[in-house]
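Take a look at the structure below.
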Amino acid sequence: MLAKADDNWTIFEAAHLLNRAGFGGSPAEIKTFHALGRTKAVDSLLNPAEPLDALPPPEWSKPEKAAELYNSYREKRREAEQKSKGLPQAQAAQIRRQAQKEAQRQRNEMGTEAQNWWFRKILATQAPLREKMTLFWHDHFSTSFQKVKVPIMLVGQNELFRKNAFGNFRDLTKSVAVDPAMMLYLDSQNSKKGSPNENFAREVMELFTLGEGNYTEDDIKEAARAFTGNTINRTAAKVVFRPIQWDDGKKKIFGQTGKFKSEDVVDLIFQQKAAASYVPSKLWEYFVAENPSQSTVDSLASSFKGADFNVGPLLREIFLSKDFYAEPVMRNQIKPPVQFLVQMLKQLEISEPPRGFPIQGQRELGQQLFQPPNVAGWDWGKAWINTNTLLTRYNLAGYLTKGADAAPGLAQNDGDAMAMMEESDKPKKISMRKTPNAARNWNGPDYKKITPKELRENPADLVDALTFRFFQGTLPEKARGSFIEYATAKQGVVFTDKEVAELAHLMLSTPYYQLS
């Protein structure tokens, strides 16, 4: 067991927990959270009152809609084939291409809708740790719209991660093995006896459960045989097991021999020593800090195995540990783009982001929901920051704090974002003229609410209030002094919303704000 933090905790520690185990909050939310006490606060995160189906996904993502959507695509393809009969080859090809483009357009629209839905769910949820873990599993069991191209399957997988956010990792791995989005992503839908596909067998060991060096090539080859027999029923958007396509011969995996099936392989994997330490190490890096010590890894592994690979007890131990609140850990993690965007919206108390802002921000900062770059997921830590993305963070902060007229920069029509990602992974600079009207009309936060009149009478008080709101801690005296000096110079006769916005933008455009 990790050494526990004592019962007393500071409001800064409460903010740290809310930032790392969620997506931050307003000063009022932090104070309410702090009042719970450390243990009750952690338990409130792990046992949220908000039901799973709060803020439900788009209507088209319901399982009963799968057949309707698939049959609609098939019917349009048949219509295109009928229209092209008897026509010259070039003309017939043009009709088929047009039908394909229309199907792609509809998929892109649904993909964009799914991205917006999940972002808004993250922003509005009263179960922040559940969404934080859903994002963790999405990165861990990485799949992408670019390869899967079936939004209903990706939303279904997202709901699987949410349902199992704090559950049993072994059971979740078994479910992922027969998840249609994962099967499409790793090309295992046609894996059958005599022609097994090794992709999932390799990734489930290398990236999902054990890590490199804890299996052999023979283990992969034999496991691939066990994973045969599963096919995708596209009409129902689900996986069907076909016994005739399953390799029923004996396999030797991790030194054990038997007529293993998919779930048997997962059980064998979790008998390996590395299974107890691999995901706990990733969780520590996700929530706490990079490069955990061997003693920390060993302690986490012991707890994880002792809890039969249930994630909830492990998270509780991490969030109640002394190390989680250590000085080198607090405010020392580079904010991932989604964290940066959501936390900024929460701190500015913006419940409804400007249209286009969520997807534009994600795309330009390099972390689009439902769009991990590859099967290994996103790179984290320092990979989030470079000269371009840092400038983009400052520009996005300027747009939010000062409004579209004072800080133009929201340049992407959210309906085009998914199509652009299919064309290229590289960000493109789009003219401000393409910004949706709703985004161009963005006027900024309600500063009268977050910085009332009495707070503006003293520049030092205003700076200190915004410092807690944005940084949840003290700043170096030099930085604080420069903010006060700036505020004093801007104060004039009356400290208007415009001056508050400029001060807020300045504070958000600092290296300090990139850390959580």
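Ordered as shown in the structure tokens, chains take letters A, B, and onward, while each chain numbers its residues from 1 and ligands are numbered from 1 in the order shown.
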Do a neighbour search on stretch 5-19 of chain A at 6 Å with only C-alpha atoms, toss out local chain neighbours closer than 4 positions, and write the hits as a PDB file with N, CA and C atoms, in the first residue's frame.
ATOM      1  N   PHE A  23     -11.607  17.744 -14.502  1.00  0.00           N
ATOM      2  CA  PHE A  23     -11.218  18.781 -15.460  1.00  0.00           C
ATOM      3  C   PHE A  23     -11.283  20.167 -14.827  1.00  0.00           C
ATOM      4  N   GLY A  24     -11.014  20.213 -13.512  1.00  0.00           N
ATOM      5  CA  GLY A  24     -10.989  21.482 -12.821  1.00  0.00           C
ATOM      6  C   GLY A  24     -12.375  21.999 -12.500  1.00  0.00           C
ATOM      7  N   ILE A  30     -14.532  24.477  -6.277  1.00  0.00           N
ATOM      8  CA  ILE A  30     -13.366  24.000  -5.531  1.00  0.00           C
ATOM      9  C   ILE A  30     -13.625  24.098  -4.030  1.00  0.00           C
ATOM     10  N   HIS A  34     -13.650  21.065  -1.440  1.00  0.00           N
ATOM     11  CA  HIS A  34     -12.728  21.067  -0.301  1.00  0.00           C
ATOM     12  C   HIS A  34     -13.465  20.808   1.011  1.00  0.00           C
ATOM     13  N   LEU A 320      -5.653   8.995  -2.505  1.00  0.00           N
ATOM     14  CA  LEU A 320      -5.508   9.203  -1.067  1.00  0.00           C
ATOM     15  C   LEU A 320      -4.052   9.111  -0.619  1.00  0.00           C
ATOM     16  N   SER A 321      -3.153   8.882  -1.569  1.00  0.00           N
ATOM     17  CA  SER A 321      -1.751   8.691  -1.216  1.00  0.00           C
ATOM     18  C   SER A 321      -1.052  10.012  -0.943  1.00  0.00           C
ATOM     19  N   LYS A 322      -0.052   9.949  -0.123  1.00  0.00           N
ATOM     20  CA  LYS A 322       0.765  11.120   0.193  1.00  0.00           C
ATOM     21  C   LYS A 322       1.507  11.609  -1.045  1.00  0.00           C
ATOM     22  N   GLN A 472      -4.848  28.094  -8.930  1.00  0.00           N
ATOM     23  CA  GLN A 472      -5.084  27.352  -7.696  1.00  0.00           C
ATOM     24  C   GLN A 472      -3.821  27.221  -6.847  1.00  0.00           C
TER      25      GLN A 472
END
Using DSSP on the backbone, list every residue of stretch 128-356 of chain A that comes out as alpha helix (DSSP H), and give them as a CSV table (one decimal) with N, CA and C atoms, in the first residue's frame.
chain,number,residue,atom,x,y,z
A,128,PRO,N,-16.9,13.8,-13.1
A,128,PRO,CA,-15.7,14.1,-13.9
A,128,PRO,C,-14.7,13.0,-14.0
A,129,LEU,N,-14.5,12.2,-12.9
A,129,LEU,CA,-13.5,11.1,-12.9
A,129,LEU,C,-13.9,10.0,-13.9
A,130,ARG,N,-15.2,9.8,-14.0
A,130,ARG,CA,-15.7,8.8,-14.9
A,130,ARG,C,-15.4,9.2,-16.4
A,131,GLU,N,-15.5,10.5,-16.7
A,131,GLU,CA,-15.2,11.0,-18.0
A,131,GLU,C,-13.7,11.0,-18.2
A,132,LYS,N,-12.9,11.3,-17.1
A,132,LYS,CA,-11.5,11.3,-17.2
A,132,LYS,C,-11.0,9.9,-17.5
A,133,MET,N,-11.6,8.9,-16.9
A,133,MET,CA,-11.2,7.5,-17.2
A,133,MET,C,-11.7,7.0,-18.5
A,134,THR,N,-12.9,7.5,-19.0
A,134,THR,CA,-13.3,7.2,-20.3
A,134,THR,C,-12.3,7.7,-21.4
A,135,LEU,N,-11.8,8.8,-21.1
A,135,LEU,CA,-10.7,9.4,-22.0
A,135,LEU,C,-9.4,8.5,-21.9
A,136,PHE,N,-9.1,8.1,-20.7
A,136,PHE,CA,-8.0,7.2,-20.5
A,136,PHE,C,-8.1,5.9,-21.3
A,137,TRP,N,-9.3,5.3,-21.2
A,137,TRP,CA,-9.5,4.0,-21.9
A,137,TRP,C,-9.5,4.2,-23.4
A,138,HIS,N,-10.1,5.4,-23.8
A,138,HIS,CA,-10.1,5.7,-25.3
A,138,HIS,C,-8.7,5.8,-25.8
A,139,ASP,N,-7.8,6.3,-25.0
A,139,ASP,CA,-6.3,6.4,-25.4
A,139,ASP,C,-5.7,5.1,-25.3
A,140,HIS,N,-6.0,4.3,-24.3
A,140,HIS,CA,-5.3,3.0,-24.0
A,140,HIS,C,-5.7,2.0,-25.1
A,145,PHE,N,-11.7,7.3,-35.9
A,145,PHE,CA,-12.7,7.4,-36.9
A,145,PHE,C,-12.1,7.3,-38.3
A,146,GLN,N,-10.9,7.7,-38.5
A,146,GLN,CA,-10.2,7.7,-39.8
A,146,GLN,C,-10.1,6.2,-40.3
A,147,LYS,N,-10.0,5.3,-39.4
A,147,LYS,CA,-9.9,3.9,-39.9
A,147,LYS,C,-11.3,3.2,-39.7
A,148,VAL,N,-12.0,3.4,-38.7
A,148,VAL,CA,-13.2,2.7,-38.4
A,148,VAL,C,-14.3,3.2,-39.3
A,151,PRO,N,-19.4,5.8,-37.1
A,151,PRO,CA,-19.5,6.5,-35.8
A,151,PRO,C,-20.4,5.8,-34.8
A,152,ILE,N,-21.4,5.0,-35.2
A,152,ILE,CA,-22.2,4.3,-34.3
A,152,ILE,C,-21.4,3.3,-33.5
A,153,MET,N,-20.4,2.7,-34.1
A,153,MET,CA,-19.5,1.7,-33.4
A,153,MET,C,-18.6,2.4,-32.4
A,154,LEU,N,-18.1,3.6,-32.8
A,154,LEU,CA,-17.2,4.3,-31.9
A,154,LEU,C,-17.9,4.9,-30.7
A,155,VAL,N,-19.1,5.4,-30.9
A,155,VAL,CA,-19.9,5.8,-29.8
A,155,VAL,C,-20.3,4.7,-28.8
A,156,GLY,N,-20.6,3.5,-29.4
A,156,GLY,CA,-20.8,2.3,-28.6
A,156,GLY,C,-19.6,1.9,-27.8
A,157,GLN,N,-18.4,2.0,-28.4
A,157,GLN,CA,-17.2,1.7,-27.7
A,157,GLN,C,-17.0,2.7,-26.6
A,158,ASN,N,-17.3,4.0,-26.8
A,158,ASN,CA,-17.2,5.0,-25.8
A,158,ASN,C,-18.1,4.8,-24.6
A,159,GLU,N,-19.2,4.3,-24.9
A,159,GLU,CA,-20.2,4.0,-23.8
A,159,GLU,C,-19.7,2.7,-23.0
A,160,LEU,N,-19.0,1.8,-23.7
A,160,LEU,CA,-18.4,0.7,-23.0
A,160,LEU,C,-17.3,1.1,-22.1
A,161,PHE,N,-16.5,2.1,-22.5
A,161,PHE,CA,-15.4,2.6,-21.6
A,161,PHE,C,-16.0,3.3,-20.4
A,162,ARG,N,-17.1,4.0,-20.6
A,162,ARG,CA,-17.8,4.8,-19.5
A,162,ARG,C,-18.4,3.8,-18.5
A,163,LYS,N,-19.0,2.8,-19.0
A,163,LYS,CA,-19.7,1.8,-18.1
A,163,LYS,C,-18.6,1.1,-17.3
A,169,PHE,N,-10.5,-4.6,-15.1
A,169,PHE,CA,-9.7,-4.4,-16.3
A,169,PHE,C,-9.7,-5.7,-17.1
A,170,ARG,N,-9.6,-6.8,-16.5
A,170,ARG,CA,-9.6,-8.1,-17.2
A,170,ARG,C,-10.9,-8.2,-18.0
A,171,ASP,N,-12.1,-7.9,-17.4
A,171,ASP,CA,-13.4,-8.0,-18.0
A,171,ASP,C,-13.5,-7.0,-19.2
A,172,LEU,N,-13.0,-5.8,-19.0
A,172,LEU,CA,-13.0,-4.8,-20.0
A,172,LEU,C,-12.1,-5.3,-21.2
A,173,THR,N,-11.0,-5.9,-21.0
A,173,THR,CA,-10.2,-6.4,-22.1
A,173,THR,C,-10.9,-7.5,-22.8
A,174,LYS,N,-11.6,-8.3,-22.2
A,174,LYS,CA,-12.4,-9.3,-22.9
A,174,LYS,C,-13.5,-8.7,-23.8
A,175,SER,N,-14.1,-7.6,-23.3
A,175,SER,CA,-15.1,-6.9,-24.1
A,175,SER,C,-14.5,-6.3,-25.3
A,176,VAL,N,-13.3,-5.7,-25.1
A,176,VAL,CA,-12.7,-5.0,-26.2
A,176,VAL,C,-12.3,-6.0,-27.3
A,177,ALA,N,-11.9,-7.2,-26.9
A,177,ALA,CA,-11.5,-8.2,-27.8
A,177,ALA,C,-12.6,-8.5,-28.8
A,180,PRO,N,-16.8,-4.2,-32.0
A,180,PRO,CA,-16.7,-4.1,-33.4
A,180,PRO,C,-15.8,-2.9,-33.9
A,181,ALA,N,-15.7,-1.8,-33.1
A,181,ALA,CA,-14.8,-0.8,-33.6
A,181,ALA,C,-13.3,-1.2,-33.5
A,182,MET,N,-13.0,-1.9,-32.4
A,182,MET,CA,-11.6,-2.4,-32.3
A,182,MET,C,-11.3,-3.5,-33.4
A,183,MET,N,-12.3,-4.3,-33.7
A,183,MET,CA,-12.0,-5.3,-34.7
A,183,MET,C,-11.8,-4.7,-36.1
A,184,LEU,N,-12.6,-3.6,-36.4
A,184,LEU,CA,-12.4,-2.9,-37.7
A,184,LEU,C,-11.0,-2.2,-37.7
A,185,TYR,N,-10.7,-1.6,-36.5
A,185,TYR,CA,-9.4,-0.9,-36.4
A,185,TYR,C,-8.2,-1.7,-36.6
A,199,ASN,N,-2.9,-9.0,-35.6
A,199,ASN,CA,-2.9,-7.6,-35.1
A,199,ASN,C,-3.4,-7.5,-33.6
A,200,PHE,N,-4.6,-8.0,-33.4
A,200,PHE,CA,-5.1,-7.8,-32.0
A,200,PHE,C,-4.3,-8.6,-31.0
A,201,ALA,N,-3.9,-9.8,-31.4
A,201,ALA,CA,-3.1,-10.7,-30.5
A,201,ALA,C,-1.8,-10.0,-30.1
A,202,ARG,N,-1.2,-9.3,-31.0
A,202,ARG,CA,0.0,-8.5,-30.7
A,202,ARG,C,-0.3,-7.3,-29.8
A,203,GLU,N,-1.3,-6.5,-30.2
A,203,GLU,CA,-1.5,-5.3,-29.5
A,203,GLU,C,-2.1,-5.5,-28.1
A,217,GLU,N,6.9,-14.3,-29.7
A,217,GLU,CA,6.2,-14.3,-31.0
A,217,GLU,C,5.3,-15.5,-31.1
A,218,ASP,N,5.8,-16.6,-30.5
A,218,ASP,CA,4.9,-17.8,-30.6
A,218,ASP,C,3.6,-17.6,-29.8
A,219,ASP,N,3.7,-16.9,-28.7
A,219,ASP,CA,2.5,-16.5,-27.9
A,219,ASP,C,1.5,-15.8,-28.8
A,220,ILE,N,2.0,-14.8,-29.5
A,220,ILE,CA,1.2,-14.0,-30.4
A,220,ILE,C,0.5,-14.9,-31.5
A,221,LYS,N,1.3,-15.7,-32.2
A,221,LYS,CA,0.8,-16.5,-33.2
A,221,LYS,C,-0.3,-17.5,-32.7
A,222,GLU,N,0.0,-18.1,-31.6
A,222,GLU,CA,-1.0,-19.0,-31.0
A,222,GLU,C,-2.2,-18.3,-30.5
A,223,ALA,N,-2.1,-17.1,-29.9
A,223,ALA,CA,-3.2,-16.4,-29.5
A,223,ALA,C,-4.1,-15.9,-30.6
A,224,ALA,N,-3.4,-15.6,-31.7
A,224,ALA,CA,-4.2,-15.1,-32.9
A,224,ALA,C,-5.1,-16.2,-33.4
A,225,ARG,N,-4.7,-17.5,-33.3
A,225,ARG,CA,-5.6,-18.6,-33.6
A,225,ARG,C,-6.8,-18.6,-32.7
A,226,ALA,N,-6.6,-18.3,-31.4
A,226,ALA,CA,-7.7,-18.3,-30.5
A,226,ALA,C,-8.7,-17.2,-30.7
A,262,SER,N,-11.1,-16.8,-27.2
A,262,SER,CA,-10.7,-15.4,-27.0
A,262,SER,C,-10.6,-15.1,-25.5
A,263,GLU,N,-11.6,-15.4,-24.7
A,263,GLU,CA,-11.6,-15.1,-23.3
A,263,GLU,C,-10.6,-15.9,-22.5
A,264,ASP,N,-10.3,-17.1,-23.0
A,264,ASP,CA,-9.3,-17.9,-22.3
A,264,ASP,C,-7.9,-17.2,-22.5
A,265,VAL,N,-7.6,-16.7,-23.6
A,265,VAL,CA,-6.3,-16.0,-23.8
A,265,VAL,C,-6.2,-14.8,-22.9
A,266,VAL,N,-7.3,-14.1,-22.7
A,266,VAL,CA,-7.2,-12.9,-21.8
A,266,VAL,C,-7.0,-13.4,-20.4
A,267,ASP,N,-7.6,-14.5,-20.0
A,267,ASP,CA,-7.3,-15.1,-18.6
A,267,ASP,C,-5.9,-15.5,-18.5
A,268,LEU,N,-5.3,-16.0,-19.5
A,268,LEU,CA,-3.9,-16.4,-19.5
A,268,LEU,C,-3.0,-15.2,-19.4
A,269,ILE,N,-3.3,-14.2,-20.1
A,269,ILE,CA,-2.6,-12.9,-20.0
A,269,ILE,C,-2.5,-12.4,-18.6
A,278,TYR,N,1.4,-3.2,-15.4
A,278,TYR,CA,1.4,-2.4,-16.7
A,278,TYR,C,0.4,-1.2,-16.6
A,279,VAL,N,-0.8,-1.5,-16.4
A,279,VAL,CA,-1.9,-0.4,-16.4
A,279,VAL,C,-1.7,0.5,-15.2
A,280,PRO,N,-1.4,-0.1,-14.0
A,280,PRO,CA,-1.2,0.8,-12.8
A,280,PRO,C,-0.1,1.8,-13.1
A,281,SER,N,1.0,1.4,-13.8
A,281,SER,CA,2.0,2.4,-14.1
A,281,SER,C,1.5,3.5,-15.1
A,282,LYS,N,0.7,3.1,-16.0
A,282,LYS,CA,0.1,4.1,-17.0
A,282,LYS,C,-0.8,5.0,-16.2
A,283,LEU,N,-1.6,4.5,-15.3
A,283,LEU,CA,-2.5,5.3,-14.5
A,283,LEU,C,-1.8,6.3,-13.7
A,284,TRP,N,-0.7,5.8,-13.1
A,284,TRP,CA,0.2,6.8,-12.3
A,284,TRP,C,0.7,7.9,-13.2
A,285,GLU,N,1.1,7.6,-14.3
A,285,GLU,CA,1.7,8.6,-15.2
A,285,GLU,C,0.5,9.5,-15.7
A,286,TYR,N,-0.6,9.0,-15.9
A,286,TYR,CA,-1.8,9.8,-16.4
A,286,TYR,C,-2.3,10.7,-15.3
A,287,PHE,N,-2.3,10.3,-14.0
A,287,PHE,CA,-2.9,11.1,-13.0
A,287,PHE,C,-1.9,11.8,-12.1
A,294,GLN,N,10.3,2.3,-8.8
A,294,GLN,CA,10.1,0.9,-8.8
A,294,GLN,C,9.2,0.5,-7.6
A,295,SER,N,9.5,1.1,-6.5
A,295,SER,CA,8.8,0.8,-5.2
A,295,SER,C,7.3,1.2,-5.4
A,296,THR,N,7.0,2.3,-6.1
A,296,THR,CA,5.7,2.7,-6.3
A,296,THR,C,5.0,1.7,-7.3
A,297,VAL,N,5.7,1.3,-8.3
A,297,VAL,CA,5.1,0.3,-9.3
A,297,VAL,C,4.8,-1.0,-8.5
A,298,ASP,N,5.7,-1.4,-7.7
A,298,ASP,CA,5.5,-2.7,-7.0
A,298,ASP,C,4.3,-2.6,-6.1
A,299,SER,N,4.2,-1.5,-5.4
A,299,SER,CA,3.1,-1.3,-4.5
A,299,SER,C,1.7,-1.3,-5.2
A,300,LEU,N,1.7,-0.5,-6.3
A,300,LEU,CA,0.5,-0.5,-7.1
A,300,LEU,C,0.1,-1.8,-7.7
A,301,ALA,N,1.1,-2.6,-8.2
A,301,ALA,CA,0.9,-3.9,-8.7
A,301,ALA,C,0.3,-4.8,-7.7
A,302,SER,N,0.8,-4.8,-6.5
A,302,SER,CA,0.3,-5.6,-5.4
A,302,SER,C,-1.1,-5.3,-5.1
A,303,SER,N,-1.4,-4.0,-5.0
A,303,SER,CA,-2.8,-3.6,-4.7
A,303,SER,C,-3.8,-4.0,-5.9
A,304,PHE,N,-3.3,-3.8,-7.1
A,304,PHE,CA,-4.1,-4.1,-8.3
A,304,PHE,C,-4.5,-5.6,-8.3
A,305,LYS,N,-3.5,-6.4,-8.2
A,305,LYS,CA,-3.7,-7.9,-8.2
A,305,LYS,C,-4.5,-8.3,-7.0
A,306,GLY,N,-4.3,-7.7,-5.8
A,306,GLY,CA,-5.1,-8.0,-4.7
A,306,GLY,C,-6.5,-7.6,-4.8
A,311,VAL,N,-10.3,-1.5,-11.0
A,311,VAL,CA,-9.6,-0.2,-11.2
A,311,VAL,C,-10.0,0.7,-10.0
A,312,GLY,N,-11.2,0.7,-9.6
A,312,GLY,CA,-11.7,1.6,-8.6
A,312,GLY,C,-10.9,1.7,-7.3
A,313,PRO,N,-10.6,0.5,-6.7
A,313,PRO,CA,-9.8,0.5,-5.5
A,313,PRO,C,-8.4,1.1,-5.7
A,314,LEU,N,-7.8,0.8,-6.9
A,314,LEU,CA,-6.5,1.3,-7.2
A,314,LEU,C,-6.5,2.9,-7.3
A,315,LEU,N,-7.5,3.4,-8.0
A,315,LEU,CA,-7.6,4.9,-8.1
A,315,LEU,C,-7.8,5.5,-6.7
A,316,ARG,N,-8.6,4.8,-5.9
A,316,ARG,CA,-8.8,5.4,-4.5
A,316,ARG,C,-7.5,5.4,-3.7
A,317,GLU,N,-6.7,4.4,-3.9
A,317,GLU,CA,-5.4,4.4,-3.2
A,317,GLU,C,-4.5,5.5,-3.7
A,318,ILE,N,-4.5,5.7,-5.1
A,318,ILE,CA,-3.7,6.7,-5.6
A,318,ILE,C,-4.1,8.1,-5.1
A,319,PHE,N,-5.4,8.4,-5.2
A,319,PHE,CA,-5.9,9.7,-4.8
A,319,PHE,C,-5.8,10.0,-3.3
A,337,PRO,N,-4.5,18.9,-24.5
A,337,PRO,CA,-5.4,19.8,-25.1
A,337,PRO,C,-6.9,19.8,-24.6
A,338,VAL,N,-7.4,18.6,-24.5
A,338,VAL,CA,-8.8,18.5,-24.0
A,338,VAL,C,-8.9,19.1,-22.6
A,339,GLN,N,-8.0,18.7,-21.7
A,339,GLN,CA,-7.9,19.3,-20.4
A,339,GLN,C,-7.8,20.8,-20.4
A,340,PHE,N,-6.9,21.3,-21.2
A,340,PHE,CA,-6.7,22.7,-21.3
A,340,PHE,C,-8.0,23.5,-21.7
A,341,LEU,N,-8.6,22.9,-22.7
A,341,LEU,CA,-9.8,23.6,-23.2
A,341,LEU,C,-11.0,23.6,-22.2
A,342,VAL,N,-11.2,22.4,-21.7
A,342,VAL,CA,-12.4,22.2,-20.7
A,342,VAL,C,-12.1,23.0,-19.4
A,343,GLN,N,-10.9,22.9,-18.9
A,343,GLN,CA,-10.6,23.5,-17.7
A,343,GLN,C,-10.7,25.1,-17.8
A,344,MET,N,-10.3,25.6,-19.0
A,344,MET,CA,-10.4,27.0,-19.2
A,344,MET,C,-11.8,27.4,-19.3
A,345,LEU,N,-12.7,26.7,-19.9
A,345,LEU,CA,-14.1,27.0,-20.0
A,345,LEU,C,-14.7,26.9,-18.6
A,346,LYS,N,-14.4,26.0,-17.8
A,346,LYS,CA,-14.9,25.9,-16.4
A,346,LYS,C,-14.5,27.0,-15.6
A,347,GLN,N,-13.2,27.4,-15.7
A,347,GLN,CA,-12.7,28.5,-14.9
A,347,GLN,C,-13.3,29.9,-15.3
I want to know what sits within 12 Å of A:Glu59, based on only C-alpha atoms, with residues of the same chain fewer than 5 positions away left out; could you give that as a PyMOL selection string? chain A and resi 64-66+69+110+113-114+117+151-152+155
List every residue of stretch 142-376 of chain A that DSSP, applied to the backbone of this structure, places in strand (DSSP E or B), and write the result as number ranges by chain. A: 168, 192, 195, 230-233, 238-241, 251-253, 256-258, 310, 321, 334
Just-selected residues, N, CA, C and O atoms written as a CSV table (one decimal), in the first residue's frame:
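Written file, out_34.csv:
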chain,number,residue,atom,x,y,z
A,168,ASN,N,-13.6,-3.8,-13.7
A,168,ASN,CA,-12.5,-4.8,-13.8
A,168,ASN,C,-11.8,-4.8,-15.1
A,168,ASN,O,-12.4,-4.9,-16.2
A,192,LYS,N,-9.9,-15.9,-39.4
A,192,LYS,CA,-10.6,-17.2,-39.3
A,192,LYS,C,-9.6,-18.4,-39.3
A,192,LYS,O,-8.4,-18.2,-39.6
A,195,SER,N,-6.3,-18.8,-41.4
A,195,SER,CA,-5.9,-17.5,-41.8
A,195,SER,C,-6.1,-16.5,-40.7
A,195,SER,O,-6.8,-15.5,-40.9
A,230,ASN,N,-14.6,-14.6,-34.9
A,230,ASN,CA,-15.5,-13.4,-34.7
A,230,ASN,C,-15.7,-12.6,-35.9
A,230,ASN,O,-14.7,-12.2,-36.6
A,231,THR,N,-16.9,-12.3,-36.3
A,231,THR,CA,-17.2,-11.5,-37.5
A,231,THR,C,-18.1,-10.3,-37.0
A,231,THR,O,-18.7,-10.4,-36.0
A,232,ILE,N,-18.2,-9.3,-37.9
A,232,ILE,CA,-19.0,-8.2,-37.6
A,232,ILE,C,-20.3,-8.2,-38.4
A,232,ILE,O,-20.3,-8.4,-39.6
A,233,ASN,N,-21.4,-8.2,-37.7
A,233,ASN,CA,-22.8,-8.0,-38.3
A,233,ASN,C,-23.0,-6.5,-38.4
A,233,ASN,O,-23.3,-5.8,-37.5
A,238,LYS,N,-22.7,-5.1,-34.4
A,238,LYS,CA,-22.2,-5.9,-33.3
A,238,LYS,C,-21.4,-7.1,-33.8
A,238,LYS,O,-21.4,-7.5,-35.0
A,239,VAL,N,-20.7,-7.8,-32.9
A,239,VAL,CA,-19.8,-8.9,-33.2
A,239,VAL,C,-20.6,-10.2,-33.0
A,239,VAL,O,-21.3,-10.4,-32.0
A,240,VAL,N,-20.4,-11.1,-34.0
A,240,VAL,CA,-21.1,-12.4,-33.9
A,240,VAL,C,-20.0,-13.5,-34.0
A,240,VAL,O,-19.1,-13.4,-34.8
A,241,PHE,N,-20.1,-14.5,-33.1
A,241,PHE,CA,-19.1,-15.6,-33.1
A,241,PHE,C,-19.6,-16.7,-34.0
A,241,PHE,O,-20.8,-17.2,-33.9
A,251,LYS,N,-3.7,-24.9,-28.7
A,251,LYS,CA,-2.7,-23.9,-28.8
A,251,LYS,C,-1.9,-23.9,-27.5
A,251,LYS,O,-2.3,-24.2,-26.4
A,252,LYS,N,-0.6,-23.4,-27.7
A,252,LYS,CA,0.3,-23.3,-26.6
A,252,LYS,C,0.6,-21.9,-26.4
A,252,LYS,O,1.3,-21.2,-27.2
A,253,ILE,N,0.1,-21.3,-25.2
A,253,ILE,CA,0.3,-19.9,-24.9
A,253,ILE,C,0.8,-19.7,-23.5
A,253,ILE,O,0.2,-20.3,-22.6
A,256,GLN,N,1.1,-22.9,-21.5
A,256,GLN,CA,0.0,-23.7,-21.2
A,256,GLN,C,-0.7,-24.1,-22.5
A,256,GLN,O,-0.7,-23.4,-23.5
A,257,THR,N,-1.2,-25.3,-22.6
A,257,THR,CA,-1.8,-25.9,-23.8
A,257,THR,C,-3.3,-26.2,-23.6
A,257,THR,O,-3.7,-26.7,-22.6
A,258,GLY,N,-4.1,-25.8,-24.6
A,258,GLY,CA,-5.5,-26.1,-24.6
A,258,GLY,C,-6.2,-25.6,-25.8
A,258,GLY,O,-5.6,-24.9,-26.6
A,310,ASN,N,-9.5,-4.9,-10.3
A,310,ASN,CA,-10.5,-3.8,-10.3
A,310,ASN,C,-9.9,-2.5,-10.2
A,310,ASN,O,-9.0,-2.3,-9.4
A,321,SER,N,-3.2,8.9,-1.6
A,321,SER,CA,-1.8,8.7,-1.2
A,321,SER,C,-1.1,10.0,-0.9
A,321,SER,O,-1.4,11.1,-1.5
A,334,ILE,N,1.9,19.0,-17.7
A,334,ILE,CA,1.4,19.7,-18.9
A,334,ILE,C,0.0,19.3,-19.2
A,334,ILE,O,-0.3,18.1,-19.3
Nearest to A:Ala275 by atom-to-atom distance, counting only C-alpha atoms, from A:Asn291, A:Thr209, A:Thr112, A:Ser351: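 Among the listed residues, the smallest separation from A:Ala275 belongs to A:Thr209.
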Any chance you could tabulate, as a tab-separated table, the residues of stretch 24-125 of chain A at most 9 Å from stretch 366-374 of chain A with each one's nearest atom pair and distance in Å to one decimal, using only C-alpha atoms, in chain and rising number order?
residue	atom	partner	partner_atom	distance
A:Gly111	CA	A:Phe370	CA	8.2
A:Ala114	CA	A:Phe370	CA	8.3
A:Gln115	CA	A:Leu369	CA	5.8
A:Asn116	CA	A:Leu369	CA	8.8
A:Trp118	CA	A:Leu369	CA	7.8
A:Phe119	CA	A:Leu369	CA	7.8
Restrict the selected residues to N, CA and C atoms and save them as an mmCIF file, in the first residue's frame.
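What follows is the written file result-v4.cif:
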data_model
loop_
_atom_site.group_PDB
_atom_site.id
_atom_site.type_symbol
_atom_site.label_atom_id
_atom_site.label_comp_id
_atom_site.auth_asym_id
_atom_site.auth_seq_id
_atom_site.Cartn_x
_atom_site.Cartn_y
_atom_site.Cartn_z
ATOM 1 N N GLY A 111 -19.739 11.905 -37.217
ATOM 2 C CA GLY A 111 -18.490 11.916 -36.457
ATOM 3 C C GLY A 111 -18.277 13.238 -35.737
ATOM 4 N N ALA A 114 -20.626 13.466 -32.861
ATOM 5 C CA ALA A 114 -20.149 12.650 -31.746
ATOM 6 C C ALA A 114 -19.047 13.368 -30.979
ATOM 7 N N GLN A 115 -18.133 14.015 -31.684
ATOM 8 C CA GLN A 115 -17.064 14.765 -31.026
ATOM 9 C C GLN A 115 -17.621 15.891 -30.165
ATOM 10 N N ASN A 116 -18.571 16.630 -30.730
ATOM 11 C CA ASN A 116 -19.181 17.731 -29.982
ATOM 12 C C ASN A 116 -19.942 17.215 -28.765
ATOM 13 N N TRP A 118 -19.386 14.448 -26.981
ATOM 14 C CA TRP A 118 -18.517 13.994 -25.893
ATOM 15 C C TRP A 118 -17.831 15.182 -25.214
ATOM 16 N N PHE A 119 -17.405 16.151 -25.994
ATOM 17 C CA PHE A 119 -16.763 17.327 -25.381
ATOM 18 C C PHE A 119 -17.734 18.019 -24.431
#
